[in-house]
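Q: One structure is given below, represented as structure tokens, and several questions about it will come after.
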Amino acid sequence: MVAGLLSLACDTTSPSVETEAQAALTLPPINPYIFSAVVNPGCQDTGYGINDSGAVVGHSACLGIGAFVKRAGVVSSLPRPAGLGTNGSIFPLEINLGGRIVGYSAPGDGTFTFRALQWTPSGSGHTVSDLGTLPGGAAAEARAINAAGDVVGWSEIAMAGGVIRKHGFLRRPNGTRIDLVPANGYLNAEANDINAAGFVVGKSYTPIQGGALATRATIWKPAGSGSNTYLAVLLPGDYKGTAEAINTAGAIVGSITIAGSPSLTHLSRWQVNGTTVEDLSPSDTYAVGYDVGTGGVIVGERIVGGQYVAFAYGTKFTTLPVPASGRAFATGVNQCGTIVGEGRQTQPGSTSPVQVAAQWTQRYVTCALVSP
């Protein structure tokens with residue numbers, strides 16, 4: 001998600017003593033990832049994004065934290081926008097290397113009038129701003145930001161006759177807002193991610209004519225470097241699909257639902273200039289990729305043995321460990337392969353596991369974080 005403009009040297013050579021220890025192991029094998037709670041002792045937390053300096057953003061429903069950012073081991077609260085009622089919540093979804101954070105607010109009054117937000121570093125904290133909407137819209141959500149500060153998401157927009165639709169949007173740091181229209185044949189669209197080259201991915205849905213596929217993974221391609229002109233192109237898919245993330249190399253991940261078997265959702269991968277889709281989990285009932293790292297590692301959630309589990313996928317699936325049973329998912333991965341998401345953990349003084357913002361780091365891997 002965060003563009004890899006700065007080089008990162010990762011040394012994946014294990015020390016000899018660890019290599020020998022691994023060779024001597026018998027079943028069960030050591031899981032290559034280690035679990036830790038981002039907010040400790042946190043409770044009812046979710047981690048959403050991580051940048052290449054290791055900063056994590058997420059939401060906490062207790063401890064008086066609310067939305068948080070964790071940098072250099074210190075957890076700080078993010079400010080709420082003016083006018084958000086006491087029942088409202090804020091959800092930071094992604095942080096870039098410069099520390100800019102994007103997400104949205106939910107009013108908590110049942111109206112779903114979300115607002116697209118950006119938190120900008122200021123001194124030792126952040127200031128919050130509302131990014132607005134496309135013309136005539138009342139609701140919007142910011143979902144991703146690249147290293148240059150370009151923000152993408154979705155916004156309501158007023159069409160002819162006062163009809164309200166959803167379109168994707170791209171907002172430049174200078175305030176320029178670009179309407180990412182749905183691909184040909186569709187009425188609504190949402191943008192989910194943007195890479196360093198400015199390619200945007202998401203989905204188009206609500207077909208204009210009956211018989212068309214309900215939801216289609218979509219890429220918005222810029223006419224040139226830095227261009228404000230974008231062309232929406234449908235990505236290939238079997239029945240319906242959505243593109244969730246794109247990395248610097250142009251690998252796109254998300255999911256497709258299988259034609260004739262609408263209950264089967266498979267992990268999928270596309271390429272920016274490709275003409276086919278890869279079904280990476282043909283035997284799964286449900287698998288979705290939520291992010292893809294610079295090296296191509298995909299993270300997300302899938303069903304294994306009737307349980308939702310968080311996974312990492314390189315050339316095969318690895319189930320990410322959690323301390324207690326319950327739904328787990330992975331939402332972000334940085335250049336060092338550190339993963340964030342949500343798992344379950346039993347807190348001190350309690351016997352019931354709760355959801356916690358989770359971080360998974362790799363065993364036997366040394367990686368230098370990029371300085372912000």
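Each chain in the structure tokens gets a letter, A, B, ..., in the order shown, and its residues are numbered from 1; ligands are numbered from 1 in order too.
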Write out as number ranges by chain each polymer residue whose atoms come within 8 Å of range 183-200 of chain A, counting only C-alpha atoms; drop sequence neighbours fewer than 3 positions from it.

A: A: 1-5, 143-148, 150-155, 165-169, 180, 203-209, 218-222, 225-226, 232-234, 243-248, 250

Q: Take the residues from that selection and write them out as a PDB file, in the first residue's frame, keeping C-alpha atoms.

A:
```pdb
ATOM      1  CA  MET A   1       0.000   0.000   0.000  1.00  0.00           C
ATOM      2  CA  VAL A   2       2.603   2.594   1.029  1.00  0.00           C
ATOM      3  CA  ALA A   3       4.829   3.246  -1.956  1.00  0.00           C
ATOM      4  CA  GLY A   4       8.355   1.888  -1.746  1.00  0.00           C
ATOM      5  CA  LEU A   5      10.233   5.020  -2.816  1.00  0.00           C
ATOM      6  CA  ARG A 143      -9.465   4.348   2.526  1.00  0.00           C
ATOM      7  CA  ALA A 144      -5.846   4.682   1.425  1.00  0.00           C
ATOM      8  CA  ILE A 145      -2.961   7.125   1.034  1.00  0.00           C
ATOM      9  CA  ASN A 146       0.295   6.745  -0.876  1.00  0.00           C
ATOM     10  CA  ALA A 147       3.731   8.179  -0.114  1.00  0.00           C
ATOM     11  CA  ALA A 148       3.001  11.331  -2.125  1.00  0.00           C
ATOM     12  CA  ASP A 150      -2.691  11.128  -2.663  1.00  0.00           C
ATOM     13  CA  VAL A 151      -5.861   9.901  -0.923  1.00  0.00           C
ATOM     14  CA  VAL A 152      -8.505   7.587  -2.392  1.00  0.00           C
ATOM     15  CA  GLY A 153     -11.882   6.349  -1.209  1.00  0.00           C
ATOM     16  CA  TRP A 154     -15.523   6.809  -2.101  1.00  0.00           C
ATOM     17  CA  SER A 155     -17.965   9.688  -1.948  1.00  0.00           C
ATOM     18  CA  ARG A 165     -24.681   7.730  -6.445  1.00  0.00           C
ATOM     19  CA  LYS A 166     -21.326   6.604  -5.062  1.00  0.00           C
ATOM     20  CA  HIS A 167     -18.131   7.251  -7.020  1.00  0.00           C
ATOM     21  CA  GLY A 168     -14.517   6.671  -6.181  1.00  0.00           C
ATOM     22  CA  PHE A 169     -12.424   9.769  -5.554  1.00  0.00           C
ATOM     23  CA  LEU A 180     -13.207   8.208 -10.322  1.00  0.00           C
ATOM     24  CA  LYS A 203     -14.824  -2.015  -7.543  1.00  0.00           C
ATOM     25  CA  SER A 204     -17.709  -0.973  -9.774  1.00  0.00           C
ATOM     26  CA  TYR A 205     -21.203  -2.225  -8.965  1.00  0.00           C
ATOM     27  CA  THR A 206     -24.933  -1.847  -9.691  1.00  0.00           C
ATOM     28  CA  PRO A 207     -25.044  -2.742 -13.388  1.00  0.00           C
ATOM     29  CA  ILE A 208     -26.998  -0.452 -15.706  1.00  0.00           C
ATOM     30  CA  GLN A 209     -28.446  -3.389 -17.655  1.00  0.00           C
ATOM     31  CA  THR A 218     -11.864  -2.218 -11.270  1.00  0.00           C
ATOM     32  CA  ILE A 219      -8.617  -0.371 -11.916  1.00  0.00           C
ATOM     33  CA  TRP A 220      -8.396   3.340 -12.662  1.00  0.00           C
ATOM     34  CA  LYS A 221      -5.388   4.026 -14.889  1.00  0.00           C
ATOM     35  CA  PRO A 222      -3.838   7.513 -15.101  1.00  0.00           C
ATOM     36  CA  SER A 225       2.635  10.302 -14.686  1.00  0.00           C
ATOM     37  CA  GLY A 226       0.935  12.814 -12.400  1.00  0.00           C
ATOM     38  CA  ALA A 232     -11.802   3.018 -15.444  1.00  0.00           C
ATOM     39  CA  VAL A 233     -11.069  -0.528 -16.646  1.00  0.00           C
ATOM     40  CA  LEU A 234     -12.839  -3.702 -15.499  1.00  0.00           C
ATOM     41  CA  ALA A 243      -9.818  -5.351  -5.846  1.00  0.00           C
ATOM     42  CA  GLU A 244      -8.640  -4.424  -2.344  1.00  0.00           C
ATOM     43  CA  ALA A 245      -4.969  -3.458  -2.692  1.00  0.00           C
ATOM     44  CA  ILE A 246      -2.150  -2.747  -5.146  1.00  0.00           C
ATOM     45  CA  ASN A 247       1.602  -2.690  -4.513  1.00  0.00           C
ATOM     46  CA  THR A 248       4.469  -0.761  -6.088  1.00  0.00           C
ATOM     47  CA  GLY A 250       1.523  -3.430  -9.851  1.00  0.00           C
TER      48      GLY A 250
END
```

Q: Provide the CA of Thr176 in chain A to CA of Ala223 in chain A distance in Å, to one decimal place.

A: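 According to the coordinates, CA of Thr176 in chain A and CA of Ala223 in chain A are separated by 16.3 Å.
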
Q: Between A:Gly47, A:Gly337, A:Gly237, A:Pro92, which is the closest to Pro32 in chain A once you count only C-alpha atoms?

A: A:Gly337

Q: Could you check how far CA of Gly103 in chain A sits from CA of Val38 in chain A, in Å to one decimal?

A: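 Taking CA of Gly103 in chain A as the start and CA of Val38 in chain A as the end point, the length is 18.7 Å.
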
Q: Neighbours of range 350-357 of chain A within 10 Å (only C-alpha atoms; same-chain residues fewer than 3 positions away dropped), as a PyMOL selection string?

A: chain A and resi 36-48+56-61+323-328+330+340-347

Q: Could you write out that same residue set with C-alpha atoms as a PDB file, in the first residue's frame?

A:
```pdb
ATOM      1  CA  SER A  36       1.726  -9.635  19.890  1.00  0.00           C
ATOM      2  CA  ALA A  37      -1.017  -7.200  20.928  1.00  0.00           C
ATOM      3  CA  VAL A  38      -0.540  -3.677  19.560  1.00  0.00           C
ATOM      4  CA  VAL A  39      -2.284  -2.054  22.534  1.00  0.00           C
ATOM      5  CA  ASN A  40      -1.294  -3.995  25.629  1.00  0.00           C
ATOM      6  CA  PRO A  41      -3.275  -4.664  27.702  1.00  0.00           C
ATOM      7  CA  GLY A  42      -5.740  -3.522  25.063  1.00  0.00           C
ATOM      8  CA  CYS A  43      -9.303  -4.719  24.727  1.00  0.00           C
ATOM      9  CA  GLN A  44     -11.697  -4.701  21.810  1.00  0.00           C
ATOM     10  CA  ASP A  45      -9.096  -3.250  19.457  1.00  0.00           C
ATOM     11  CA  THR A  46      -8.456  -3.631  15.740  1.00  0.00           C
ATOM     12  CA  GLY A  47      -5.297  -2.769  13.811  1.00  0.00           C
ATOM     13  CA  TYR A  48      -5.906  -1.518  10.286  1.00  0.00           C
ATOM     14  CA  VAL A  56       0.399   1.178  13.337  1.00  0.00           C
ATOM     15  CA  VAL A  57      -3.075   2.752  13.242  1.00  0.00           C
ATOM     16  CA  GLY A  58      -6.313   1.271  14.493  1.00  0.00           C
ATOM     17  CA  HIS A  59      -9.396   1.598  16.620  1.00  0.00           C
ATOM     18  CA  SER A  60      -9.837   0.824  20.307  1.00  0.00           C
ATOM     19  CA  ALA A  61     -13.261   0.655  21.925  1.00  0.00           C
ATOM     20  CA  PRO A 323      -3.646 -16.861  21.559  1.00  0.00           C
ATOM     21  CA  ALA A 324      -7.378 -17.704  21.656  1.00  0.00           C
ATOM     22  CA  SER A 325      -9.995 -19.034  19.263  1.00  0.00           C
ATOM     23  CA  GLY A 326     -12.327 -16.669  17.429  1.00  0.00           C
ATOM     24  CA  ARG A 327     -12.328 -14.713  14.207  1.00  0.00           C
ATOM     25  CA  ALA A 328      -8.957 -13.335  13.108  1.00  0.00           C
ATOM     26  CA  ALA A 330      -4.966  -9.456   8.657  1.00  0.00           C
ATOM     27  CA  VAL A 340      -1.397  -6.046  11.483  1.00  0.00           C
ATOM     28  CA  GLY A 341      -5.024  -6.971  11.931  1.00  0.00           C
ATOM     29  CA  GLU A 342      -7.201  -8.489  14.616  1.00  0.00           C
ATOM     30  CA  GLY A 343      -7.033 -11.609  16.777  1.00  0.00           C
ATOM     31  CA  ARG A 344      -8.372 -12.889  20.073  1.00  0.00           C
ATOM     32  CA  GLN A 345      -6.610 -12.795  23.428  1.00  0.00           C
ATOM     33  CA  THR A 346      -7.640 -13.375  27.042  1.00  0.00           C
ATOM     34  CA  GLN A 347      -6.890 -10.291  29.120  1.00  0.00           C
TER      35      GLN A 347
END
```

Q: Give me the residues near Lys316 in chain A as a VMD selection string, where near means some atom within 10 Å (using only C-alpha atoms) and where sequence neighbours in that chain fewer than 6 positions away do not count.

A: chain A and resid 280 to 281 297

Q: Go ahead and save the residues from that selection, with C-alpha atoms, as an mmCIF file, in the first residue's frame.

A:
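Listing of again-v1.cif after writing:
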```cif
data_model
loop_
_atom_site.group_PDB
_atom_site.id
_atom_site.type_symbol
_atom_site.label_atom_id
_atom_site.label_comp_id
_atom_site.auth_asym_id
_atom_site.auth_seq_id
_atom_site.Cartn_x
_atom_site.Cartn_y
_atom_site.Cartn_z
ATOM 1 C CA LEU A 280 -5.001 -18.521 -5.720
ATOM 2 C CA SER A 281 -7.351 -20.596 -3.555
ATOM 3 C CA VAL A 297 3.191 -11.253 0.264
#
```

Q: Mind checking DSSP for range 78-246 of chain A and telling me the strand (DSSP E or B) residues as an MDAnalysis selection string?

A: chainID A and resid 89:95 101:106 115:122 125:130 140:145 151:158 164:171 177:180 186:194 200:207 215:222 230:234 240:246

Q: Identify which of the residues A:Pro81, A:Pro121, A:Pro173, A:Pro372 lies closest to Ala55 in chain A, counting only C-alpha atoms when measuring atom-to-atom distances.

A: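 Smallest distance to Ala55 in chain A is found for A:Pro372.
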
Q: How many Å separate CA of Ile178 in chain A from CA of Ala160 in chain A?

A: 18.4 Å

Q: When you look at Ile164 in chain A with a cut-off of 9 Å (counting only C-alpha atoms), what residues show up, excluding the ones that are within fewer than 5 positions of it in the same chain? I need them as a PyMOL selection string.

A: chain A and resi 136-137+156-159

Q: So, with only C-alpha atoms as the atoms that count, which of A:Leu320, A:Leu97, A:Ala82, A:Val365 lies closest to Asp130 in chain A?

A: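 Looking at the shortest contact to Asp130 in chain A, the residue is A:Ala82.
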
Q: Write out as a list in words the residues lying within 9 Å of Gly132 in chain A, counting only C-alpha atoms and excluding same-chain residues fewer than 6 positions away.

A: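 My reading of the contact set: Arg115, Ala116, Leu117, Ala138, Ala139, Ala140 and Ser155 of chain A.
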
Q: When you look at Leu267 in chain A with a cut-off of 7 Å (counting only C-alpha atoms), what residues show up, excluding the ones that are within fewer than 3 positions of it in the same chain? I need them as a list in words.

A: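 Using only C-alpha atoms, the neighbours found are Gly254, Ser255, Ile256, Asp279, Leu280, Ser281, Ala287, Val288 and Gly289 of chain A.
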
Q: Could those residues be written to a file, using C-alpha atoms, as a short mmCIF file (atom, residue, chain, number, x, y, z; two decimals), in the first residue's frame?

A:
```cif
data_model
loop_
_atom_site.label_atom_id
_atom_site.label_comp_id
_atom_site.auth_asym_id
_atom_site.auth_seq_id
_atom_site.Cartn_x
_atom_site.Cartn_y
_atom_site.Cartn_z
CA GLY A 254 -8.78 -9.05 -3.70
CA SER A 255 -11.39 -11.72 -4.26
CA ILE A 256 -13.63 -13.29 -6.88
CA ASP A 279 -7.43 -17.89 -8.60
CA LEU A 280 -5.00 -18.52 -5.72
CA SER A 281 -7.35 -20.60 -3.56
CA ALA A 287 -10.62 -16.32 1.16
CA VAL A 288 -10.05 -12.57 0.71
CA GLY A 289 -6.82 -10.61 0.33
#
```
